[in-house]
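*Asks:* Here you go, run_31.cif (mmCIF, C-alpha atoms):
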```cif
data_input
#
loop_
_atom_site.label_atom_id
_atom_site.label_comp_id
_atom_site.auth_asym_id
_atom_site.auth_seq_id
_atom_site.Cartn_x
_atom_site.Cartn_y
_atom_site.Cartn_z
CA MET A 1 -29.27 7.55 -11.06
CA ASN A 2 -26.58 9.84 -12.40
CA ARG A 3 -25.32 8.59 -15.74
CA LYS A 4 -23.08 10.49 -18.10
CA SER A 5 -22.69 9.99 -21.75
CA ILE A 6 -19.26 10.41 -22.98
CA ILE A 7 -16.85 12.61 -24.00
CA ALA A 8 -17.22 13.44 -27.57
CA LEU A 9 -13.92 15.33 -27.98
CA ALA A 10 -11.86 14.89 -31.08
CA LEU A 11 -13.31 11.40 -31.49
CA SER A 12 -16.02 12.69 -33.78
CA ALA A 13 -14.03 11.39 -36.73
CA ALA A 14 -14.94 7.72 -36.59
CA ALA A 15 -11.97 6.84 -38.72
CA LEU A 16 -9.72 7.56 -35.77
CA LEU A 17 -11.19 4.60 -33.92
CA THR A 18 -11.15 1.98 -36.66
CA VAL A 19 -8.44 -0.32 -37.88
CA SER A 20 -8.21 -2.72 -40.75
CA SER A 21 -9.50 -6.22 -40.13
CA CYS A 22 -6.79 -8.77 -39.48
CA SER A 23 -6.09 -12.15 -40.92
CA ASN A 24 -6.95 -15.22 -38.85
CA SER A 25 -3.43 -16.53 -39.33
CA LYS A 26 -0.97 -16.34 -36.44
CA LYS A 27 1.40 -13.36 -36.63
CA SER A 28 4.31 -12.15 -34.57
CA SER A 29 5.24 -8.58 -33.78
CA ALA A 30 8.14 -8.92 -36.22
CA ASP A 31 5.65 -9.82 -38.98
CA SER A 32 3.56 -6.73 -38.26
CA GLN A 33 6.57 -4.43 -38.29
CA GLU A 34 7.86 -5.87 -41.54
CA ASN A 35 4.48 -5.71 -43.31
CA ASN A 36 3.32 -2.54 -41.57
CA GLN A 37 -0.08 -4.16 -40.96
CA PRO A 38 -2.16 -4.17 -37.78
CA VAL A 39 -2.16 -7.39 -35.80
CA SER A 40 -5.05 -8.63 -33.72
CA PRO A 41 -4.02 -9.32 -30.11
CA ALA A 42 -6.08 -12.52 -30.32
CA SER A 43 -3.61 -13.81 -32.93
CA ILE A 44 -0.74 -13.85 -30.41
CA SER A 45 -0.53 -17.27 -28.79
CA PHE A 46 0.99 -18.46 -25.49
CA GLU A 47 1.08 -22.01 -24.17
CA TRP A 48 -0.71 -21.06 -20.95
CA GLN A 49 -3.84 -19.71 -22.65
CA GLU A 50 -5.78 -22.92 -23.26
CA PRO A 51 -4.92 -24.61 -19.92
CA TYR A 52 -5.99 -21.48 -18.05
CA LYS A 53 -9.17 -21.20 -20.10
CA GLY A 54 -10.03 -24.80 -19.27
CA LYS A 55 -9.46 -24.23 -15.55
CA LEU A 56 -11.63 -21.09 -15.55
CA GLU A 57 -14.43 -22.97 -17.32
CA GLU A 58 -14.12 -25.80 -14.81
CA PHE A 59 -14.26 -23.39 -11.87
CA LYS A 60 -17.24 -21.51 -13.28
CA ALA A 61 -19.15 -24.78 -13.62
CA SER A 62 -18.38 -25.78 -10.01
CA ASP A 63 -20.28 -25.03 -6.80
CA LYS A 64 -17.39 -22.75 -5.73
CA PHE A 65 -18.37 -20.14 -8.32
CA ASN A 66 -20.18 -17.05 -7.02
CA ALA A 67 -21.89 -15.02 -9.76
CA ASP A 68 -22.25 -11.73 -7.82
CA LEU A 69 -20.47 -9.08 -9.92
CA ASN A 70 -19.25 -7.08 -6.92
CA SER A 71 -18.37 -9.64 -4.24
CA GLY A 72 -18.39 -12.88 -6.22
CA SER A 73 -15.76 -14.88 -8.07
CA ARG A 74 -12.99 -13.18 -10.04
CA PHE A 75 -9.51 -13.97 -11.30
CA GLU A 76 -6.23 -12.40 -12.32
CA LEU A 77 -3.13 -13.18 -14.35
CA GLN A 78 0.10 -12.17 -12.62
CA ASP A 79 3.68 -13.36 -12.97
CA LEU A 80 4.51 -14.35 -9.39
CA ASN A 81 8.02 -15.74 -9.88
CA GLY A 82 9.61 -13.46 -12.48
CA ASP A 83 9.77 -16.00 -15.32
CA SER A 84 7.66 -13.81 -17.67
CA THR A 85 4.80 -16.34 -17.65
CA PRO A 86 1.73 -15.26 -15.69
CA GLU A 87 0.15 -17.44 -13.05
CA LEU A 88 -3.62 -17.88 -12.89
CA ILE A 89 -5.07 -16.64 -9.59
CA ILE A 90 -8.71 -17.48 -8.89
CA SER A 91 -10.56 -15.60 -6.16
CA PRO A 92 -13.75 -17.44 -5.08
CA SER A 93 -15.23 -14.30 -3.47
CA SER A 94 -14.31 -11.17 -1.53
CA ASN A 95 -15.54 -12.61 1.77
CA HIS A 96 -13.13 -12.58 4.73
CA PRO A 97 -12.16 -16.30 4.75
CA ALA A 98 -11.85 -16.58 0.96
CA GLN A 99 -8.33 -17.49 -0.17
CA CYS A 100 -6.99 -17.26 -3.71
CA ILE A 101 -6.10 -20.47 -5.54
CA ILE A 102 -2.89 -20.17 -7.54
CA TYR A 103 -2.20 -22.19 -10.69
CA THR A 104 1.01 -22.28 -12.65
CA LEU A 105 2.30 -24.01 -15.78
CA ILE A 106 5.09 -26.56 -15.31
CA GLY A 107 6.40 -28.26 -18.44
CA GLY A 108 3.21 -27.38 -20.26
CA SER A 109 1.02 -28.92 -17.53
CA LEU A 110 -1.32 -26.97 -15.27
CA THR A 111 -0.33 -27.30 -11.60
CA GLU A 112 -2.11 -26.06 -8.49
CA ALA A 113 0.58 -24.27 -6.48
CA GLY A 114 -1.46 -23.61 -3.35
CA SER A 115 -3.82 -21.12 -1.71
CA ALA A 116 -3.16 -17.87 0.13
CA GLY A 117 -4.66 -14.56 1.21
CA ASP A 118 -8.01 -13.46 2.55
CA PHE A 119 -10.91 -11.31 1.35
CA GLY A 120 -10.21 -12.95 -2.02
CA LEU A 121 -6.87 -11.18 -2.43
CA ILE A 122 -3.19 -11.91 -1.97
CA ASN A 123 -0.55 -9.30 -1.26
CA TYR A 124 2.16 -9.57 -3.95
CA PHE A 125 5.62 -7.95 -3.82
CA PRO A 126 6.67 -7.72 -7.49
CA GLU A 127 10.20 -6.51 -6.81
CA LEU A 128 10.84 -9.47 -4.47
CA ASN A 129 8.71 -12.08 -6.27
CA VAL A 130 7.05 -13.14 -3.01
CA ILE A 131 3.48 -13.16 -1.72
CA GLN A 132 2.30 -12.53 1.84
CA ASP A 133 -0.13 -14.87 3.58
CA GLU A 134 -1.17 -13.39 6.91
CA TYR A 135 -3.79 -14.02 9.58
CA GLN A 136 -4.62 -11.27 12.06
CA GLY A 137 -6.29 -12.52 15.23
CA ASP A 138 -7.31 -10.85 18.48
CA GLY A 139 -4.05 -9.24 19.57
CA PHE A 140 -1.70 -11.26 17.41
CA VAL A 141 -0.54 -11.68 13.83
CA LEU A 142 0.67 -14.90 12.23
CA GLY A 143 2.03 -14.88 8.71
CA LYS A 144 4.54 -15.91 6.11
CA PHE A 145 6.18 -14.66 2.94
CA GLU A 146 6.25 -17.29 0.20
CA GLU A 147 7.87 -17.72 -3.19
CA LEU A 148 6.62 -19.80 -6.07
CA SER A 149 9.21 -22.37 -7.15
CA GLY A 150 8.96 -25.87 -8.56
CA GLY A 151 5.22 -25.49 -8.95
CA THR A 152 4.54 -24.93 -5.23
CA LEU A 153 4.46 -22.08 -2.72
CA ASN A 154 7.46 -22.29 -0.39
CA PRO A 155 7.95 -20.11 2.72
CA VAL A 156 10.97 -17.83 2.73
CA LEU A 157 10.12 -16.25 6.10
CA THR A 158 7.48 -16.98 8.75
CA TYR A 159 6.58 -14.61 11.59
CA ASN A 160 4.48 -14.42 14.74
CA ASP A 161 3.89 -11.31 16.84
CA ASN A 162 1.44 -10.84 19.72
CA SER A 163 2.62 -7.42 20.92
CA ALA A 164 -0.89 -6.01 20.33
CA SER A 165 -1.94 -8.07 23.38
CA ALA A 166 0.50 -6.32 25.73
CA SER A 167 -2.26 -4.57 27.68
CA SER A 168 -3.83 -7.92 28.61
CA GLY A 169 -0.72 -9.03 30.47
CA VAL A 170 0.22 -11.99 28.27
CA LYS A 171 3.83 -12.87 27.55
CA ILE A 172 4.96 -10.99 24.45
CA VAL A 173 6.36 -13.23 21.73
CA HIS A 174 8.23 -12.33 18.56
CA GLU A 175 9.06 -15.26 16.30
CA ILE A 176 10.93 -15.45 13.01
CA ASN A 177 11.02 -18.82 11.24
CA GLY A 178 9.78 -20.50 14.42
CA GLU A 179 12.46 -19.08 16.71
CA ASP A 180 11.98 -16.55 19.52
CA VAL A 181 13.78 -13.29 18.79
CA LEU A 182 14.00 -9.86 20.38
CA LEU A 183 11.98 -7.02 18.90
CA PRO A 184 15.00 -5.39 17.12
CA GLN A 185 15.78 -8.72 15.44
CA TYR A 186 12.13 -9.17 14.50
CA ASP A 187 11.94 -5.70 12.98
CA GLU A 188 15.20 -6.24 11.09
CA ALA A 189 13.94 -9.50 9.58
CA MET A 190 10.63 -7.94 8.53
CA LYS A 191 12.06 -4.67 7.20
CA PRO A 192 12.95 -5.84 3.62
CA TYR A 193 9.36 -6.94 3.10
CA LEU A 194 7.45 -4.20 4.88
CA SER A 195 9.46 -1.51 3.10
CA ALA A 196 8.92 -3.07 -0.35
CA TYR A 197 6.22 -2.11 -2.85
CA SER A 198 3.23 -4.44 -2.89
CA ILE A 199 -0.04 -4.81 -4.78
CA PRO A 200 -3.24 -6.76 -4.04
CA VAL A 201 -3.95 -9.32 -6.76
CA GLY A 202 -6.70 -11.79 -7.50
CA ARG A 203 -9.76 -9.76 -8.50
CA LYS A 204 -9.00 -8.00 -11.79
CA TYR A 205 -11.43 -9.94 -14.01
CA SER A 206 -14.94 -11.28 -13.58
CA LEU A 207 -15.64 -14.66 -15.21
CA GLY A 208 -17.90 -13.33 -17.95
CA GLU A 209 -17.06 -14.63 -21.42
CA LYS A 210 -15.69 -11.35 -22.77
CA ALA A 211 -13.65 -10.64 -19.63
CA VAL A 212 -12.03 -14.08 -19.89
CA GLU A 213 -11.30 -13.40 -23.56
CA PHE A 214 -9.68 -10.06 -22.71
CA ALA A 215 -7.55 -11.61 -20.00
CA LEU A 216 -6.32 -14.61 -21.99
CA TYR A 217 -6.12 -13.27 -25.54
CA TYR A 218 -5.75 -9.49 -25.31
CA ASN A 219 -4.26 -7.89 -22.23
CA GLU A 220 -1.03 -9.90 -22.12
CA SER A 221 -0.29 -9.35 -25.84
CA TRP A 222 0.00 -5.61 -26.38
CA GLY A 223 3.79 -5.58 -26.69
CA ALA A 224 3.48 -7.81 -29.76
CA VAL A 225 0.62 -5.76 -31.27
CA ILE A 226 1.76 -2.14 -31.21
CA ASN A 227 4.11 -0.94 -33.93
CA PRO A 228 7.41 0.90 -33.26
CA THR A 229 5.84 4.35 -33.62
CA GLN A 230 3.03 3.52 -31.22
CA ARG A 231 5.53 2.02 -28.78
CA GLU A 232 7.59 5.20 -28.90
CA GLN A 233 4.51 7.36 -28.30
CA LEU A 234 3.43 5.31 -25.28
CA THR A 235 6.96 5.12 -23.86
CA ASN A 236 7.51 8.87 -24.19
CA LYS A 237 4.21 9.65 -22.47
CA LEU A 238 4.92 7.30 -19.56
CA ASN A 239 8.43 8.71 -19.17
CA GLU A 240 7.01 12.22 -19.17
CA ILE A 241 4.45 11.36 -16.48
CA MET A 242 7.11 9.56 -14.46
CA GLU A 243 9.04 12.79 -13.97
CA THR A 244 6.36 14.28 -11.72
CA ALA A 245 4.34 11.25 -10.58
CA GLY A 246 4.21 10.09 -6.98
CA GLU A 247 5.67 6.79 -5.81
CA ASP A 248 2.25 5.09 -5.92
CA ALA A 249 1.62 5.91 -9.59
CA ALA A 250 0.82 2.91 -11.79
CA PHE A 251 -0.46 2.13 -15.27
CA ASP A 252 -2.37 -0.41 -17.31
CA LEU A 253 -3.15 -1.21 -20.94
CA CYS A 254 -6.54 -2.30 -22.23
CA ASP A 255 -8.70 -1.91 -25.34
CA LEU A 256 -11.53 0.30 -24.11
CA ASN A 257 -13.14 1.07 -27.47
CA GLY A 258 -12.98 -2.20 -29.41
CA ASN A 259 -10.43 -1.18 -32.05
CA GLU A 260 -7.84 -3.83 -31.02
CA LEU A 261 -5.34 -1.21 -29.89
CA PRO A 262 -4.58 -0.57 -26.24
CA GLU A 263 -5.63 2.52 -24.37
CA LEU A 264 -3.15 3.65 -21.73
CA ILE A 265 -4.66 4.06 -18.25
CA VAL A 266 -2.43 5.93 -15.80
CA SER A 267 -3.30 5.76 -12.10
CA ALA A 268 -2.24 8.69 -9.91
CA GLY A 269 -2.17 6.52 -6.78
CA LYS A 270 -4.33 4.26 -4.62
CA ALA A 271 -5.95 6.74 -2.21
CA ASP A 272 -9.72 7.29 -2.36
CA GLU A 273 -9.35 10.58 -4.22
CA ASP A 274 -6.84 9.29 -6.80
CA GLN A 275 -8.17 8.97 -10.34
CA CYS A 276 -7.00 7.72 -13.73
CA SER A 277 -5.98 9.54 -16.90
CA ILE A 278 -6.71 7.81 -20.21
CA PHE A 279 -4.74 8.09 -23.44
CA TYR A 280 -5.67 6.61 -26.83
CA LEU A 281 -3.84 5.93 -30.09
CA ALA A 282 -5.09 7.23 -33.44
CA ASP A 283 -3.06 7.40 -36.65
CA ASP A 284 0.05 6.43 -34.65
CA GLN A 285 -0.38 9.49 -32.41
CA LEU A 286 -1.27 9.45 -28.72
CA TYR A 287 -4.05 11.68 -27.41
CA GLN A 288 -5.43 12.24 -23.92
CA LEU A 289 -9.08 11.78 -23.14
CA GLU A 290 -10.41 14.90 -21.45
CA GLY A 291 -10.89 14.62 -17.70
CA SER A 292 -9.98 12.12 -14.98
CA TYR A 293 -11.88 8.99 -14.07
CA GLY A 294 -12.50 6.43 -11.35
CA LYS A 295 -11.65 6.13 -7.68
CA ASN A 296 -8.80 4.58 -5.66
CA GLY A 297 -6.66 4.89 -8.77
CA THR A 298 -8.76 2.41 -10.75
CA ILE A 299 -11.57 2.28 -13.25
CA ALA A 300 -13.79 -0.66 -14.14
CA HIS A 301 -14.43 -1.63 -17.76
CA ASP A 302 -17.38 -3.49 -19.21
CA ALA A 303 -15.51 -5.47 -21.86
CA GLU A 304 -18.68 -6.50 -23.66
CA ASN A 305 -20.28 -3.06 -23.98
CA HIS A 306 -17.09 -0.91 -24.10
CA VAL A 307 -18.27 1.19 -21.17
CA PHE A 308 -16.07 2.23 -18.26
CA PHE A 309 -16.98 3.52 -14.82
CA SER A 310 -15.77 3.89 -11.24
CA SER A 311 -14.86 0.60 -9.57
CA ASP A 312 -16.85 1.87 -6.55
CA PRO A 313 -20.24 0.07 -6.86
CA GLU A 314 -21.99 3.09 -5.29
CA ASP A 315 -20.90 5.36 -8.17
CA LYS A 316 -23.40 5.10 -11.01
CA THR A 317 -21.61 7.33 -13.52
CA TYR A 318 -20.65 5.66 -16.81
CA TRP A 319 -18.58 6.69 -19.82
CA SER A 320 -17.98 5.32 -23.30
CA PHE A 321 -15.78 6.19 -26.26
CA GLY A 322 -18.72 5.62 -28.59
CA GLY A 323 -20.41 8.90 -27.76
CA GLY A 324 -23.76 7.23 -27.07
CA ASP A 325 -26.12 8.70 -24.47
CA LEU A 326 -25.96 6.66 -21.25
CA SER A 327 -28.18 9.00 -19.26
CA ASP A 328 -31.48 7.38 -20.25
CA GLY A 329 -31.02 4.28 -18.12
CA SER A 330 -30.69 1.99 -21.13
CA TYR A 331 -27.23 0.72 -20.22
CA THR A 332 -27.16 -2.64 -18.44
CA LYS A 333 -23.87 -3.88 -17.05
CA SER A 334 -22.69 -7.17 -18.55
CA GLU A 335 -21.01 -10.05 -16.70
CA SER A 336 -17.61 -9.13 -18.18
CA ILE A 337 -15.97 -6.58 -15.86
CA VAL A 338 -12.26 -5.70 -15.79
CA VAL A 339 -10.62 -3.52 -13.10
CA LEU A 340 -7.90 -1.33 -14.61
CA GLY A 341 -5.23 1.15 -13.64
CA ARG A 342 -2.71 -0.59 -11.37
CA LYS A 343 -1.24 -3.59 -13.18
CA TYR A 344 2.24 -2.05 -13.44
CA ARG A 345 4.02 0.24 -11.02
CA LEU A 346 5.16 3.28 -12.99
CA ASN A 347 8.93 2.83 -13.41
CA GLU A 348 11.34 2.37 -16.30
CA GLU A 349 11.60 -1.38 -15.91
CA ASN A 350 7.84 -1.90 -16.09
CA VAL A 351 7.41 0.48 -19.02
CA THR A 352 9.91 -1.63 -20.97
CA ALA A 353 8.30 -4.91 -19.85
CA ALA A 354 4.76 -3.82 -20.70
CA LEU A 355 5.51 -2.39 -24.14
CA ASN A 356 7.92 -5.00 -25.52
#
```
Please express what this file holds, its structure, as structure tokens.

*Replies:*
Amino acid sequence: MNRKSIIALALSAAALLTVSSCSNSKKSSADSQENNQPVSPASISFEWQEPYKGKLEEFKASDKFNADLNSGSRFELQDLNGDSTPELIISPSSNHPAQCIIYTLIGGSLTEAGSAGDFGLINYFPELNVIQDEYQGDGFVLGKFEELSGGTLNPVLTYNDNSASASSGVKIVHEINGEDVLLPQYDEAMKPYLSAYSIPVGRKYSLGEKAVEFALYYNESWGAVINPTQREQLTNKLNEIMETAGEDAAFDLCDLNGNELPELIVSAGKADEDQCSIFYLADDQLYQLEGSYGKNGTIAHDAENHVFFSSDPEDKTYWSFGGGDLSDGSYTKSESIVVLGRKYRLNEENVTAALN
């Protein structure tokens, strides 16, 4: 089993990776800027946190929960309707028939909006605020694009196409919103969706205790935690990368080393060979971790042990900021796994949204 210890680079000065302990009192980003004190991400509160925590605990205690770390139950937080409040998406498993269950907060109350997807994922179009729910059968495809409004999923376009069955001699049908249309009309109706950027969502977090904590109390709070200098450093780096990055480049923020500051994970793309670059903050400066990591433009992070590795389960290479030796087989993966790298498409709008 090939295991690598990490990357001792300029992290030998332990002071670079430590921050002052924070008060238990609630603070806002304005408080931190005024007092020039670090703020724990766990001190930033949102009304959706406790309802979502309760639902995750309920699901984990149910017979729908699958504990397998690779193919079992996972979840994700993703704003599906553009109101700046994330929805809770629970993926029972990665098996073919598994659909994601979507929960949203309406007037402070948790509401089940519906189910969609397969293989435990839904296809989300962030620039259109719609999701795709599609079934591909033998020679035909049946699907719909839906938007989340009023606490439910509502279709904005349905489609049916059996042109893949042409060789069998069946009558070819193209339908949009239940009406027969000619192929040019079908293609025209589908074009705005098929040409738009999309991401698979539903399986970012396992349901281990630390992963749930990271999802609910850390990874949606970084804009309120970083100070103006840190924000400027991160923004400048992302803008610099944006100048030469491909259209599939993306980024993510997560605390990989336990110092309650986010590391910046930049994904080159989503092809098999695409990897991630990692940047870390120390003394209000941004540094790059030597090398590139992961596969398919993602890395996986063990939130309990502060170890990261390829999200490909066949790759047994592990890294850690701590500098400990992971080559002796002593590392055991926890139940708290987070997949990182592709939360935000790399563009100006998302850089502003993620860092403010």

*Asks:* Convert the output of the PyMOL selection byres ((chain A and resi 260) around 12) on the shown file into explicit residues, formatted as an NGL selection string.

*Replies:* :A and (17-22 or 38-43 or 214 or 217-219 or 221-222 or 225-226 or 253-259 or 261-263 or 280-282 or 306)

*Asks:* For CA of Lys144 in chain A and CA of Leu157 in chain A, quote the distance in Å rounded to one decimal.

*Replies:*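 Separating CA of Lys144 in chain A from CA of Leu157 in chain A is a distance of 5.6 Å.
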
*Asks:* Suppose a student applies the PyMOL selection byres ((chain A and resi 239) around 12) to this structure; what residues should they get, written as a compact mmCIF listing (two decimals) with C-alpha atoms, in the coordinates of the input?

*Replies:*
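Saved the output as out.txt:
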```txt
# COMPACT_ATOMS: atom_id res chain seq x y z
CA GLU A 232 7.59 5.20 -28.90
CA GLN A 233 4.51 7.36 -28.30
CA LEU A 234 3.43 5.31 -25.28
CA THR A 235 6.96 5.12 -23.86
CA ASN A 236 7.51 8.87 -24.19
CA LYS A 237 4.21 9.65 -22.47
CA LEU A 238 4.92 7.30 -19.56
CA GLU A 240 7.01 12.22 -19.17
CA ILE A 241 4.45 11.36 -16.48
CA MET A 242 7.11 9.56 -14.46
CA GLU A 243 9.04 12.79 -13.97
CA THR A 244 6.36 14.28 -11.72
CA ALA A 245 4.34 11.25 -10.58
CA PHE A 251 -0.46 2.13 -15.27
CA VAL A 266 -2.43 5.93 -15.80
CA LEU A 346 5.16 3.28 -12.99
CA ASN A 347 8.93 2.83 -13.41
CA GLU A 348 11.34 2.37 -16.30
CA GLU A 349 11.60 -1.38 -15.91
CA ASN A 350 7.84 -1.90 -16.09
CA VAL A 351 7.41 0.48 -19.02
CA THR A 352 9.91 -1.63 -20.97
```

*Asks:* For CA of His174 in chain A and CA of Asn160 in chain A, determine how far apart the two atoms are, in Å to one decimal place.

*Replies:*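 Distance reported for this atom pair: 5.7 Å.
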
*Asks:* Which of these, A:Leu88, A:Leu80, A:Val156, A:Val181, has the shortest distance to Gly54 in chain A once you count all atoms listed in the file?

*Replies:*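 Among the listed residues, A:Leu88 lies closest to Gly54 in chain A.
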
*Asks:* Find, counting all atoms listed in the file, the residue in A:Ala224, A:Ser165, A:Tyr344, A:Ala215 that gets nearest to Ser198 in chain A.

*Replies:*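 The closest residue to Ser198 in chain A is A:Tyr344.
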
*Asks:* Running the PyMOL selection byres ((chain A and resi 341) around 6) on this model by hand, what would come out? Give it as number ranges by chain.

*Replies:* A: 251-252, 265-267, 298, 340, 342

*Asks:* What does the structure give for the distance between CA of Asn70 in chain A and CA of Gln288 in chain A, in Å to one decimal?

*Replies:*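 Distance between the two atoms: 29.2 Å.
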
*Asks:* Counting all atoms listed in the file, select every polymer residue within 10 Å of (-7.3, -11.7, 20.4) as defined in the file's coordinates, and provide the selection as a PyMOL selection string.

*Replies:* chain A and resi 136-141+162+164-165+168

*Asks:* Which residue out of A:Leu207, A:Leu264, A:Ala189, A:Val130 has the minimum interatomic distance to Ser73 in chain A when all atoms listed in the file are used?

*Replies:*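 Under the stated criterion, the closest residue is A:Leu207.
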
*Asks:* Which residue, A:Leu110, A:Leu142, A:Ile131, A:Val173, has the smallest gap to Pro155 in chain A when you use only C-alpha atoms?

*Replies:* A:Ile131

*Asks:* Give the padded box for range 237-243 of chain A as JSON: axis-aligned, covering all atoms listed in the file, 8 Å on each side, centre and edge lengths in Å to one decimal.

*Replies:*
```
{"center_x": 6.6, "center_y": 10.0, "center_z": -18.2, "size_x": 20.8, "size_y": 21.5, "size_z": 24.5}
```

*Asks:* Using all atoms listed in the file, which residue out of A:Cys276, A:Phe75, A:Val338, A:Val307 lies closest to Leu326 in chain A?

*Replies:*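 When distances to Leu326 in chain A are compared using all atoms listed in the file, the smallest one comes from A:Val307.
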
*Asks:* Which of these, A:Asn123, A:Ile278, A:Leu128, A:Asp63, has the shortest distance to Ser320 in chain A once you count only C-alpha atoms?

*Replies:*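 Closest to Ser320 in chain A, using only C-alpha atoms: A:Ile278.
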
*Asks:* Would you kindly return, as a ChimeraX atom specification, each protein, DNA or RNA residue with an atom no farther than 9 Å from any atom of Phe46 in chain A, considering only C-alpha atoms and excluding same-chain residues fewer than 2 positions away?

*Replies:* /A:44,48-50,85,216-217

*Asks:* Could you please give me, as an MDAnalysis selection string, the residues of protein, DNA or RNA lying at most 12 Å from (-18.9, -21.8, -9.8) in the coordinate frame of the file, considering only C-alpha atoms?

*Replies:* chainID A and resid 55:68 72:74 90:93 206:208

*Asks:* Env of Asp133 in chain A: 6 Å cut, atoms = all atoms listed in the file, seq-sep filter 2 positions within chain, self excluded. Answer as a PyMOL selection string.

*Replies:* chain A and resi 116-117+143-144
